[in-house]
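Data block for protein.txt (compact mmCIF, C-alpha atoms and all ligand atoms):
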```txt
# COMPACT_ATOMS: atom_id res chain seq x y z
CA MET A 10 185.59 12.20 -114.23
CA ASN A 11 183.31 10.65 -116.79
CA ASN A 12 185.94 9.93 -119.39
CA TYR A 13 183.95 8.68 -122.34
CA THR A 14 186.47 10.21 -124.72
CA ASP A 15 188.87 7.35 -123.82
CA TYR A 16 186.53 5.00 -125.67
CA LEU A 17 186.25 7.02 -128.89
CA ASP A 18 188.32 7.03 -132.06
CA ILE A 19 187.23 10.05 -134.08
CA SER A 20 188.55 10.24 -137.65
CA LYS A 21 190.80 13.14 -138.52
CA GLU A 22 188.31 14.53 -141.01
CA VAL A 23 185.46 14.51 -138.47
CA LEU A 24 187.67 16.01 -135.74
CA ASP A 25 188.64 18.80 -138.06
CA GLY A 26 184.96 19.36 -138.94
CA LEU A 27 183.99 19.51 -135.27
CA ARG A 28 186.73 22.00 -134.48
CA TYR A 29 185.47 24.48 -137.09
CA TYR A 30 181.71 23.83 -136.72
CA LYS A 31 181.57 22.40 -140.23
CA PRO A 32 178.43 20.52 -141.30
CA ILE A 33 178.64 16.83 -140.34
CA VAL A 34 176.11 14.04 -140.87
CA ALA A 35 176.10 10.87 -138.74
CA LEU A 36 175.27 7.53 -140.38
CA GLU A 37 174.29 4.35 -138.52
CA SER A 38 175.76 0.88 -139.02
CA THR A 39 172.96 -1.58 -138.12
CA ILE A 40 171.65 -0.82 -141.58
CA ILE A 41 175.02 -2.11 -142.89
CA SER A 42 175.39 -5.14 -140.59
CA HIS A 43 171.75 -6.24 -140.26
CA GLY A 44 169.42 -4.04 -142.34
CA MET A 45 170.64 -4.81 -145.86
CA PRO A 46 172.26 -7.83 -147.53
CA TYR A 47 175.81 -7.94 -148.89
CA PRO A 48 176.95 -6.34 -151.22
CA GLU A 49 174.10 -3.79 -151.42
CA ASN A 50 174.97 -2.77 -147.85
CA ILE A 51 178.52 -1.65 -148.78
CA GLU A 52 177.35 -0.06 -152.00
CA THR A 53 174.73 1.95 -150.10
CA ALA A 54 177.06 2.93 -147.24
CA LEU A 55 179.68 4.25 -149.66
CA SER A 56 177.20 6.11 -151.84
CA LEU A 57 175.64 7.80 -148.77
CA GLU A 58 179.06 9.20 -147.93
CA LYS A 59 179.46 10.46 -151.50
CA ILE A 60 176.06 12.17 -151.49
CA ILE A 61 176.81 13.89 -148.18
CA ARG A 62 180.14 15.20 -149.49
CA LYS A 63 178.49 16.40 -152.70
CA ASN A 64 176.11 18.40 -150.55
CA ASN A 65 178.98 20.08 -148.69
CA ALA A 66 178.93 18.11 -145.47
CA ILE A 67 181.25 15.56 -143.84
CA PRO A 68 179.92 11.99 -143.46
CA ALA A 69 180.53 10.20 -140.15
CA THR A 70 179.54 6.55 -140.40
CA MET A 71 179.86 5.09 -136.91
CA GLY A 72 179.78 1.90 -134.92
CA ILE A 73 181.98 -0.34 -132.76
CA VAL A 74 184.98 -2.24 -134.14
CA LYS A 75 186.73 -4.69 -131.80
CA GLY A 76 185.70 -2.78 -128.70
CA ARG A 77 186.54 0.70 -129.98
CA ILE A 78 183.83 3.26 -130.74
CA LYS A 79 184.61 4.58 -134.21
CA ILE A 80 183.21 7.94 -135.30
CA GLY A 81 183.94 8.26 -139.02
CA PHE A 82 184.63 4.79 -140.45
CA ASN A 83 187.23 4.33 -143.15
CA GLN A 84 186.45 2.07 -146.11
CA GLU A 85 188.06 -0.95 -144.47
CA GLU A 86 185.88 -0.55 -141.37
CA ILE A 87 182.73 -0.25 -143.51
CA GLU A 88 183.71 -3.43 -145.35
CA TYR A 89 184.36 -5.23 -142.07
CA LEU A 90 180.95 -4.35 -140.60
CA ALA A 91 179.30 -5.27 -143.91
CA SER A 92 180.80 -8.74 -144.18
CA ALA A 93 181.93 -10.07 -140.77
CA LYS A 94 179.62 -12.72 -139.33
CA ASP A 95 180.00 -11.89 -135.65
CA VAL A 96 178.84 -8.26 -135.68
CA ILE A 97 176.29 -7.59 -132.92
CA LYS A 98 173.20 -5.45 -133.47
CA THR A 99 173.96 -2.85 -130.84
CA SER A 100 171.36 -0.61 -129.21
CA ARG A 101 171.72 1.46 -125.99
CA ARG A 102 171.66 -1.57 -123.67
CA ASP A 103 174.31 -3.47 -125.66
CA ILE A 104 177.02 -0.77 -125.84
CA PRO A 105 178.83 -1.55 -122.52
CA TYR A 106 178.96 -5.29 -123.29
CA VAL A 107 180.20 -4.89 -126.86
CA VAL A 108 182.83 -2.31 -125.87
CA SER A 109 184.21 -4.06 -122.79
CA MET A 110 184.32 -7.53 -124.38
CA GLY A 111 186.21 -6.15 -127.39
CA LEU A 112 183.42 -7.10 -129.81
CA SER A 113 182.09 -5.38 -132.92
CA GLY A 114 178.68 -3.75 -133.20
CA GLY A 115 176.50 -2.26 -135.87
CA THR A 116 174.81 0.59 -134.02
CA THR A 117 171.02 1.12 -134.22
CA VAL A 118 169.38 4.52 -134.43
CA ALA A 119 169.34 4.73 -130.61
CA ALA A 120 173.02 3.79 -130.22
CA THR A 121 174.10 5.99 -133.14
CA MET A 122 172.33 8.96 -131.52
CA ILE A 123 174.33 8.31 -128.34
CA LEU A 124 177.64 8.12 -130.25
CA SER A 125 176.73 11.27 -132.19
CA GLN A 126 176.08 13.10 -128.94
CA TYR A 127 179.47 11.99 -127.55
CA ALA A 128 181.11 13.52 -130.62
CA GLY A 129 178.88 16.62 -130.75
CA ILE A 130 177.23 15.75 -134.09
CA ARG A 131 173.65 17.01 -134.32
CA VAL A 132 172.31 15.64 -137.63
CA PHE A 133 171.87 11.97 -138.50
CA ALA A 134 170.52 10.27 -141.62
CA THR A 135 168.99 6.80 -141.73
CA GLY A 136 166.25 4.83 -143.51
CA GLY A 137 163.58 4.14 -140.95
CA ILE A 138 163.61 4.21 -137.16
CA GLY A 139 162.30 1.50 -134.88
CA GLY A 140 158.95 1.99 -133.18
CA VAL A 141 155.99 0.31 -131.53
CA HIS A 142 155.52 -3.16 -133.03
CA ARG A 143 152.13 -4.48 -134.03
CA GLY A 144 150.73 -6.45 -131.12
CA ALA A 145 152.86 -4.50 -128.62
CA ASP A 146 149.98 -4.69 -126.14
CA LYS A 147 151.00 -8.35 -125.68
CA SER A 148 154.68 -8.42 -126.63
CA PHE A 149 155.69 -5.05 -125.08
CA ASP A 150 158.02 -4.70 -128.11
CA ILE A 151 158.74 -0.99 -128.40
CA SER A 152 162.07 0.05 -129.91
CA ALA A 153 164.63 1.79 -127.71
CA ASP A 154 164.91 4.27 -130.61
CA LEU A 155 161.82 6.02 -129.27
CA THR A 156 163.10 6.55 -125.72
CA GLU A 157 166.43 7.69 -127.13
CA LEU A 158 164.64 10.33 -129.19
CA SER A 159 163.21 11.67 -125.94
CA ILE A 160 166.60 12.27 -124.29
CA THR A 161 169.40 12.64 -126.83
CA ASN A 162 169.93 15.85 -128.81
CA VAL A 163 170.15 14.74 -132.43
CA ALA A 164 167.89 15.41 -135.43
CA VAL A 165 167.16 12.13 -137.19
CA VAL A 166 166.22 12.29 -140.87
CA CYS A 167 164.24 9.19 -141.89
CA ALA A 168 161.51 8.13 -144.30
CA GLY A 169 159.02 7.61 -141.47
CA VAL A 170 158.50 4.12 -140.10
CA LYS A 171 157.74 0.88 -141.86
CA ALA A 172 154.31 -0.62 -141.78
CA ILE A 173 155.87 -3.69 -140.11
CA LEU A 174 155.23 -1.47 -137.07
CA ASP A 175 152.02 0.00 -135.70
CA ILE A 176 152.42 3.49 -137.17
CA GLY A 177 149.56 5.03 -135.19
CA LEU A 178 150.87 3.80 -131.84
CA THR A 179 154.41 4.86 -132.76
CA LEU A 180 153.19 8.43 -133.37
CA GLU A 181 151.25 8.40 -130.07
CA GLN A 182 154.35 7.27 -128.21
CA LEU A 183 156.47 9.98 -129.84
CA GLU A 184 153.92 12.58 -128.72
CA THR A 185 154.02 11.27 -125.14
CA LEU A 186 157.83 11.39 -125.19
CA GLY A 187 157.79 15.02 -126.39
CA VAL A 188 159.54 14.34 -129.69
CA PRO A 189 158.81 16.82 -132.51
CA VAL A 190 157.82 14.84 -135.61
CA ILE A 191 158.29 17.09 -138.62
CA GLY A 192 156.99 16.28 -142.09
CA TYR A 193 159.42 17.53 -144.71
CA GLY A 194 157.35 18.81 -147.62
CA THR A 195 154.42 16.66 -146.54
CA ASP A 196 151.28 16.79 -144.38
CA ASP A 197 151.06 13.02 -144.31
CA PHE A 198 153.43 10.93 -142.21
CA PRO A 199 155.45 8.76 -144.64
CA ALA A 200 155.42 4.96 -144.37
CA PHE A 201 158.98 4.20 -145.58
CA TYR A 202 158.26 2.37 -148.91
CA THR A 203 155.31 4.62 -149.61
CA ARG A 204 154.86 8.39 -149.32
CA LYS A 205 151.71 8.29 -147.21
CA SER A 206 150.63 6.36 -144.13
CA GLY A 207 147.20 7.94 -143.73
CA PHE A 208 148.36 9.59 -140.46
CA LYS A 209 148.89 13.36 -140.38
CA VAL A 210 152.20 14.86 -139.25
CA PRO A 211 151.84 17.24 -136.29
CA MET A 212 154.07 19.84 -137.98
CA ARG A 213 155.43 20.51 -141.45
CA ILE A 214 158.39 22.40 -142.90
CA ASP A 215 159.48 22.89 -146.50
CA ARG A 216 163.04 24.25 -146.17
CA PRO A 217 166.20 22.86 -144.50
CA GLN A 218 166.83 26.21 -142.77
CA ASP A 219 163.52 25.88 -140.92
CA CYS A 220 164.62 22.54 -139.55
CA ALA A 221 167.89 24.09 -138.36
CA LYS A 222 165.93 26.84 -136.59
CA ILE A 223 163.71 24.31 -134.80
CA MET A 224 166.80 22.37 -133.67
CA LYS A 225 168.48 25.50 -132.34
CA SER A 226 165.44 26.74 -130.45
CA LYS A 227 164.74 23.30 -128.95
CA TRP A 228 168.23 22.98 -127.53
CA ASP A 229 168.62 26.66 -126.60
CA LEU A 230 165.50 26.17 -124.49
CA ASN A 231 167.06 23.13 -122.78
CA LEU A 232 164.34 20.87 -124.16
CA ASP A 233 166.60 17.85 -124.35
CA GLY A 234 165.83 15.14 -126.86
CA GLY A 235 165.86 14.49 -130.56
CA ILE A 236 163.80 15.60 -133.51
CA MET A 237 162.37 13.31 -136.15
CA VAL A 238 162.40 14.69 -139.69
CA ALA A 239 160.11 12.52 -141.80
CA ASN A 240 161.12 12.75 -145.44
CA PRO A 241 158.95 10.81 -147.92
CA ILE A 242 160.55 8.46 -150.45
CA PRO A 243 160.85 10.18 -153.88
CA GLN A 244 157.79 9.43 -156.00
CA GLN A 245 159.65 7.57 -158.75
CA TYR A 246 160.95 4.98 -156.25
CA GLU A 247 157.74 4.53 -154.29
CA ALA A 248 156.59 0.91 -153.98
CA ARG A 249 153.04 -0.25 -154.61
CA LYS A 250 151.13 -0.13 -151.36
CA ASP A 251 149.09 -3.29 -152.02
CA ILE A 252 152.21 -5.34 -152.75
CA ILE A 253 154.06 -4.05 -149.68
CA ASP A 254 151.04 -4.54 -147.40
CA LYS A 255 150.67 -8.14 -148.53
CA ALA A 256 154.39 -8.82 -148.09
CA ILE A 257 154.30 -7.39 -144.57
CA GLU A 258 151.27 -9.51 -143.64
CA SER A 259 153.04 -12.71 -144.76
CA ALA A 260 156.30 -11.66 -143.08
CA LEU A 261 154.48 -11.10 -139.78
CA LEU A 262 152.79 -14.52 -140.03
CA GLU A 263 156.12 -16.23 -140.69
CA ALA A 264 157.74 -14.40 -137.78
CA GLU A 265 155.01 -15.69 -135.48
CA LYS A 266 155.36 -19.22 -136.85
CA ASP A 267 159.14 -19.11 -136.33
CA GLY A 268 158.72 -17.69 -132.81
CA VAL A 269 160.93 -14.67 -133.57
CA LYS A 270 161.27 -12.30 -130.61
CA GLY A 271 163.18 -9.29 -129.31
CA LYS A 272 166.05 -7.76 -131.24
CA GLU A 273 165.83 -10.38 -134.01
CA THR A 274 162.34 -9.18 -134.99
CA THR A 275 163.21 -6.11 -137.08
CA PRO A 276 166.03 -7.72 -139.14
CA TYR A 277 163.88 -10.85 -139.65
CA LEU A 278 160.91 -8.86 -140.98
CA LEU A 279 163.11 -6.67 -143.24
CA ASP A 280 164.68 -9.77 -144.76
CA LYS A 281 161.33 -11.54 -145.32
CA VAL A 282 159.76 -8.48 -146.96
CA LYS A 283 162.77 -8.29 -149.27
CA ASP A 284 162.42 -11.96 -150.26
CA ILE A 285 158.65 -11.76 -150.74
CA THR A 286 158.91 -8.66 -152.97
CA ALA A 287 161.80 -10.24 -154.92
CA GLY A 288 164.16 -7.45 -153.96
CA LYS A 289 161.83 -4.58 -154.94
CA SER A 290 161.69 -3.41 -151.32
CA LEU A 291 165.49 -3.32 -151.19
CA ALA A 292 165.70 -1.01 -154.22
CA ALA A 293 163.19 1.34 -152.59
CA ASN A 294 165.10 1.15 -149.32
CA MET A 295 168.38 2.15 -151.01
CA ALA A 296 166.73 5.07 -152.82
CA LEU A 297 165.08 6.51 -149.75
CA VAL A 298 168.21 6.39 -147.57
CA LYS A 299 170.11 8.31 -150.25
CA ASN A 300 167.34 10.88 -150.37
CA ASN A 301 167.57 11.21 -146.58
CA ALA A 302 171.35 11.64 -146.70
CA MET A 303 170.94 14.54 -149.11
CA LEU A 304 168.38 16.30 -146.93
CA ALA A 305 170.43 15.66 -143.78
CA ALA A 306 173.46 17.29 -145.43
CA GLN A 307 171.39 20.33 -146.36
CA ILE A 308 170.09 20.59 -142.78
CA ALA A 309 173.63 20.20 -141.40
CA VAL A 310 174.82 23.03 -143.65
CA GLU A 311 172.06 25.33 -142.35
CA TYR A 312 172.60 24.30 -138.73
CA SER A 313 176.32 24.97 -138.93
CA LYS A 314 175.56 28.49 -140.23
CA LEU A 315 173.47 29.11 -137.10
CA GLU A 316 176.22 27.71 -134.85
CA ASN A 317 178.85 29.87 -136.54
CA GLU A 318 176.74 33.03 -136.10
CA GLN A 319 176.92 32.72 -132.32
N1 LIG B 401 164.01 0.05 -139.71
C1 LIG B 401 164.35 -0.06 -141.01
N2 LIG B 401 165.63 -0.48 -141.33
C2 LIG B 401 166.55 -0.75 -140.36
C3 LIG B 401 166.17 -0.59 -139.00
C4 LIG B 401 164.90 -0.20 -138.73
O1 LIG B 401 163.53 0.21 -141.88
O2 LIG B 401 167.69 -1.12 -140.69
C5 LIG B 401 167.19 -0.82 -137.93
C6 LIG B 401 167.68 0.53 -137.36
O3 LIG B 401 169.04 0.42 -137.01
C7 LIG B 401 166.82 0.72 -136.11
C8 LIG B 401 166.72 -0.72 -135.63
O4 LIG B 401 167.40 1.56 -135.15
O5 LIG B 401 166.57 -1.49 -136.82
C9 LIG B 401 165.55 -0.91 -134.69
O6 LIG B 401 165.62 -2.17 -134.14
P1 LIG B 401 164.69 -2.53 -132.86
O7 LIG B 401 163.29 -2.53 -133.42
O8 LIG B 401 165.16 -3.86 -132.42
O9 LIG B 401 164.93 -1.46 -131.84
MN MN B 402 162.28 -4.61 -130.09
```
Turn this file's structure into structure tokens for me.
Amino acid sequence: MNNYTDYLDISKEVLDGLRYYKPIVALESTIISHGMPYPENIETALSLEKIIRKNNAIPATMGIVKGRIKIGFNQEEIEYLASAKDVIKTSRRDIPYVVSMGLSGGTTVAATMILSQYAGIRVFATGGIGGVHRGADKSFDISADLTELSITNVAVVCAGVKAILDIGLTLEQLETLGVPVIGYGTDDFPAFYTRKSGFKVPMRIDRPQDCAKIMKSKWDLNLDGGIMVANPIPQQYEARKDIIDKAIESALLEAEKDGVKGKETTPYLLDKVKDITAGKSLAANMALVKNNAMLAAQIAVEYSKLENEQ
């Protein structure tokens, strides 16, 4: 038998939530280990949990600690992932290595979707997903987040994708992979720090219950795969497009100069953009993840109503 449960430690609170079809929201841990600096990473991780509870759902921050897959971190585990130096950025391909060697991993969107599916959690909040990198025609750098969205049944609430990526190609790839990309209260696909990318979303909803209905029908119809809910950053936290664009251009140049490749690329670019904008990008990043956690909780509440009706 395929005994993946042997590898999982699910917190008591999350187990209880699963048993009674309560609303649960998954949270990733690459954002803690590699996406944000210390101590903003801990501060953000803890406040996301608070926001989810305030909106009547159970938070399940997840990742790998010393070889064990943890669904529902406690505070000590969050602090460990936020400050330990040897935490590995863990996507789908890295999971078996990290688990069997007894290592610790901050899980990416792709890996967190996999862990969520093991546990039976259907809603996940993050900042931005990975996508098709600029210059992918040469580098072939396309995030495993996209392929995961085509096979794993989790709705991912994000603020779109960063302009460090090629947003147009990322949307094309999502269409090819059959992933519904839903604009929440917007016709324009959001670009993480800014509300608009200039690309239209293929579909739009304005209420959490509509998202829950789309999730249910997709999976009732055996159309395996995830859903991307693109939730624009709140207006008051939006960054100035010209400043962000310039910061991204310089970050990309520096990455090329430093010969950065593969899994190091995304964390490198995030860090450079933060330095170039003197931390302004980090403040926007923290605000938009919190906004996504709130929407994800509302969607989880509506989805659990549908599950409980059955
Ligand atoms: N984009 C962000 N912040 C992040 C990430 C992406 O704006 O922290 C992280 C997420 O964990 C995402 C991962 O899943 O980077 C993508 O990395 P890669 O491009 O190597 O697949
Ligand atoms: Mn990559």
Near segment 97-100 of chain A, 12 Å: segment 154-242 of chain A residue rows, closest pairs, all atoms listed in the file, as a tab-separated table:
```
residue	atom	partner	partner_atom	distance
A:Asp154	CA	A:Ser100	CA	8.2
A:Leu155	CA	A:Ser100	CA	11.6
A:Thr156	CA	A:Ser100	CA	11.5
A:Glu157	CA	A:Ser100	CA	9.9
```
* **Who sits within 10 Å of segment 289-295 of chain A, all atoms listed in the file, same chain under 2 positions skipped, as an MDAnalysis selection string** => chainID A and resid 44:46 49:50 52:54 56:57 136:137 168 201:203 242:243 245:249 252:253 256 279:280 282:287 297:300
* ligand LIG 401 (chain B) neighbours within 10 Å using all atoms listed in the file, as a ChimeraX atom specification -> /A:37-45,98-101,115-122,135-142,150-155,167-174,200-202,270-276,278-280,294,298
Put those residues in a file: C-alpha atoms, as a PDB file, in the frame of the given file.
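As written to disk, selection_35.pdb reads:
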```pdb
ATOM      1  CA  GLU A  37     174.290   4.350-138.520  1.00  0.00           C
ATOM      2  CA  SER A  38     175.760   0.880-139.020  1.00  0.00           C
ATOM      3  CA  THR A  39     172.960  -1.580-138.120  1.00  0.00           C
ATOM      4  CA  ILE A  40     171.650  -0.820-141.580  1.00  0.00           C
ATOM      5  CA  ILE A  41     175.020  -2.110-142.890  1.00  0.00           C
ATOM      6  CA  SER A  42     175.390  -5.140-140.590  1.00  0.00           C
ATOM      7  CA  HIS A  43     171.750  -6.240-140.260  1.00  0.00           C
ATOM      8  CA  GLY A  44     169.420  -4.040-142.340  1.00  0.00           C
ATOM      9  CA  MET A  45     170.640  -4.810-145.860  1.00  0.00           C
ATOM     10  CA  LYS A  98     173.200  -5.450-133.470  1.00  0.00           C
ATOM     11  CA  THR A  99     173.960  -2.850-130.840  1.00  0.00           C
ATOM     12  CA  SER A 100     171.360  -0.610-129.210  1.00  0.00           C
ATOM     13  CA  ARG A 101     171.720   1.460-125.990  1.00  0.00           C
ATOM     14  CA  GLY A 115     176.500  -2.260-135.870  1.00  0.00           C
ATOM     15  CA  THR A 116     174.810   0.590-134.020  1.00  0.00           C
ATOM     16  CA  THR A 117     171.020   1.120-134.220  1.00  0.00           C
ATOM     17  CA  VAL A 118     169.380   4.520-134.430  1.00  0.00           C
ATOM     18  CA  ALA A 119     169.340   4.730-130.610  1.00  0.00           C
ATOM     19  CA  ALA A 120     173.020   3.790-130.220  1.00  0.00           C
ATOM     20  CA  THR A 121     174.100   5.990-133.140  1.00  0.00           C
ATOM     21  CA  MET A 122     172.330   8.960-131.520  1.00  0.00           C
ATOM     22  CA  THR A 135     168.990   6.800-141.730  1.00  0.00           C
ATOM     23  CA  GLY A 136     166.250   4.830-143.510  1.00  0.00           C
ATOM     24  CA  GLY A 137     163.580   4.140-140.950  1.00  0.00           C
ATOM     25  CA  ILE A 138     163.610   4.210-137.160  1.00  0.00           C
ATOM     26  CA  GLY A 139     162.300   1.500-134.880  1.00  0.00           C
ATOM     27  CA  GLY A 140     158.950   1.990-133.180  1.00  0.00           C
ATOM     28  CA  VAL A 141     155.990   0.310-131.530  1.00  0.00           C
ATOM     29  CA  HIS A 142     155.520  -3.160-133.030  1.00  0.00           C
ATOM     30  CA  ASP A 150     158.020  -4.700-128.110  1.00  0.00           C
ATOM     31  CA  ILE A 151     158.740  -0.990-128.400  1.00  0.00           C
ATOM     32  CA  SER A 152     162.070   0.050-129.910  1.00  0.00           C
ATOM     33  CA  ALA A 153     164.630   1.790-127.710  1.00  0.00           C
ATOM     34  CA  ASP A 154     164.910   4.270-130.610  1.00  0.00           C
ATOM     35  CA  LEU A 155     161.820   6.020-129.270  1.00  0.00           C
ATOM     36  CA  CYS A 167     164.240   9.190-141.890  1.00  0.00           C
ATOM     37  CA  ALA A 168     161.510   8.130-144.300  1.00  0.00           C
ATOM     38  CA  GLY A 169     159.020   7.610-141.470  1.00  0.00           C
ATOM     39  CA  VAL A 170     158.500   4.120-140.100  1.00  0.00           C
ATOM     40  CA  LYS A 171     157.740   0.880-141.860  1.00  0.00           C
ATOM     41  CA  ALA A 172     154.310  -0.620-141.780  1.00  0.00           C
ATOM     42  CA  ILE A 173     155.870  -3.690-140.110  1.00  0.00           C
ATOM     43  CA  LEU A 174     155.230  -1.470-137.070  1.00  0.00           C
ATOM     44  CA  ALA A 200     155.420   4.960-144.370  1.00  0.00           C
ATOM     45  CA  PHE A 201     158.980   4.200-145.580  1.00  0.00           C
ATOM     46  CA  TYR A 202     158.260   2.370-148.910  1.00  0.00           C
ATOM     47  CA  LYS A 270     161.270 -12.300-130.610  1.00  0.00           C
ATOM     48  CA  GLY A 271     163.180  -9.290-129.310  1.00  0.00           C
ATOM     49  CA  LYS A 272     166.050  -7.760-131.240  1.00  0.00           C
ATOM     50  CA  GLU A 273     165.830 -10.380-134.010  1.00  0.00           C
ATOM     51  CA  THR A 274     162.340  -9.180-134.990  1.00  0.00           C
ATOM     52  CA  THR A 275     163.210  -6.110-137.080  1.00  0.00           C
ATOM     53  CA  PRO A 276     166.030  -7.720-139.140  1.00  0.00           C
ATOM     54  CA  LEU A 278     160.910  -8.860-140.980  1.00  0.00           C
ATOM     55  CA  LEU A 279     163.110  -6.670-143.240  1.00  0.00           C
ATOM     56  CA  ASP A 280     164.680  -9.770-144.760  1.00  0.00           C
ATOM     57  CA  ASN A 294     165.100   1.150-149.320  1.00  0.00           C
ATOM     58  CA  VAL A 298     168.210   6.390-147.570  1.00  0.00           C
TER      59      VAL A 298
END
```
Edge lengths and centre, in Å to one decimal, as JSON: that's what I need for the box along x, y and z that holds all listed atoms of segment 92-96 of chain A plus 3 Å on each side.
```
{"center_x": 180.4, "center_y": -10.5, "center_z": -139.9, "size_x": 9.1, "size_y": 10.5, "size_z": 14.5}
```
* Using all atoms listed in the file, pick whichever of A:Val188, A:Leu36, A:Val23, A:Val269 has the shortest atom-to-atom distance to ligand MN 402 (chain B). =>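 Smallest distance to ligand MN 402 (chain B) is found for A:Val269.
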* To do: Give me the residues within 10 Å of segment 311-316 of chain A as JSON, numbers by chain, counting all atoms listed in the file and dropping any in the same chain fewer than 5 places off.
  => {"A": [29, 30, 31, 32, 33, 66, 131, 132, 216, 217, 218, 219, 220, 221, 222, 223, 224, 225, 305, 306]}
Write out as an mmCIF file with C-alpha atoms, in the frame of the given file each polymer residue whose atoms come within 6 Å of Ala35 of chain A, counting only C-alpha atoms; drop sequence neighbours fewer than 6 positions from it.
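Below is the file out-v1.cif, written as the result:
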```cif
data_model
loop_
_atom_site.group_PDB
_atom_site.id
_atom_site.type_symbol
_atom_site.label_atom_id
_atom_site.label_comp_id
_atom_site.auth_asym_id
_atom_site.auth_seq_id
_atom_site.Cartn_x
_atom_site.Cartn_y
_atom_site.Cartn_z
ATOM 1 C CA ALA A 69 180.530 10.200 -140.150
ATOM 2 C CA THR A 70 179.540 6.550 -140.400
ATOM 3 C CA PHE A 133 171.870 11.970 -138.500
#
```
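Here atom CA of Asn11 of chain A is placed at a distance of 17.3 Å from atom CA of Thr161 of chain A.
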* Asked: Which value, in Å to one decimal, gives the distance between atom CA of Val96 of chain A and atom CA of Ser113 of chain A?
  ->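 Separating atom CA of Val96 of chain A from atom CA of Ser113 of chain A is a distance of 5.1 Å.
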* Write out as a count of residues only each polymer residue whose atoms come within 8 Å of Ser92 of chain A, counting all atoms listed in the file; drop sequence neighbours fewer than 2 positions from it. => 6
* So, counting all atoms listed in the file, which residue among A:Ser148, A:Gln126, A:Thr185, A:Asn83 is closest to ligand MN 402 (chain B)? ->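 For ligand MN 402 (chain B), the nearest of the given residues is A:Ser148.
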* Residue nearest ligand MN 402 (chain B) - candidates A:Ile214, A:Ala145, A:Val108, A:Ala128, atoms counted: all atoms listed in the file -> A:Ala145
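Nearest to Lys59 of chain A of all the residues A:Val34, A:Leu230, A:Ile19, A:Ile80 is A:Val34, based on only C-alpha atoms.
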* May I ask which of the residues A:Asn231, A:Asp18, A:Tyr277, A:Val190 is the closest one to ligand MN 402 (chain B), counting all atoms listed in the file? => A:Tyr277
* Separation of atom CA of Asp25 of chain A and atom CA of Leu232 of chain A, in Å? ->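 Going from atom CA of Asp25 of chain A over to atom CA of Leu232 of chain A covers 28.1 Å.
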* For the point (157.8, 12.3, -135.0) in file coordinates, what residues are within 10 Å, counting all atoms listed in the file? Give the answer as a count of residues only? -> 28
* Select, from A:Leu17, A:Gly26, A:Ile257, A:Ala264, the residue with the minimum atom-to-atom distance to Gly72 of chain A, counting all atoms listed in the file. => A:Leu17
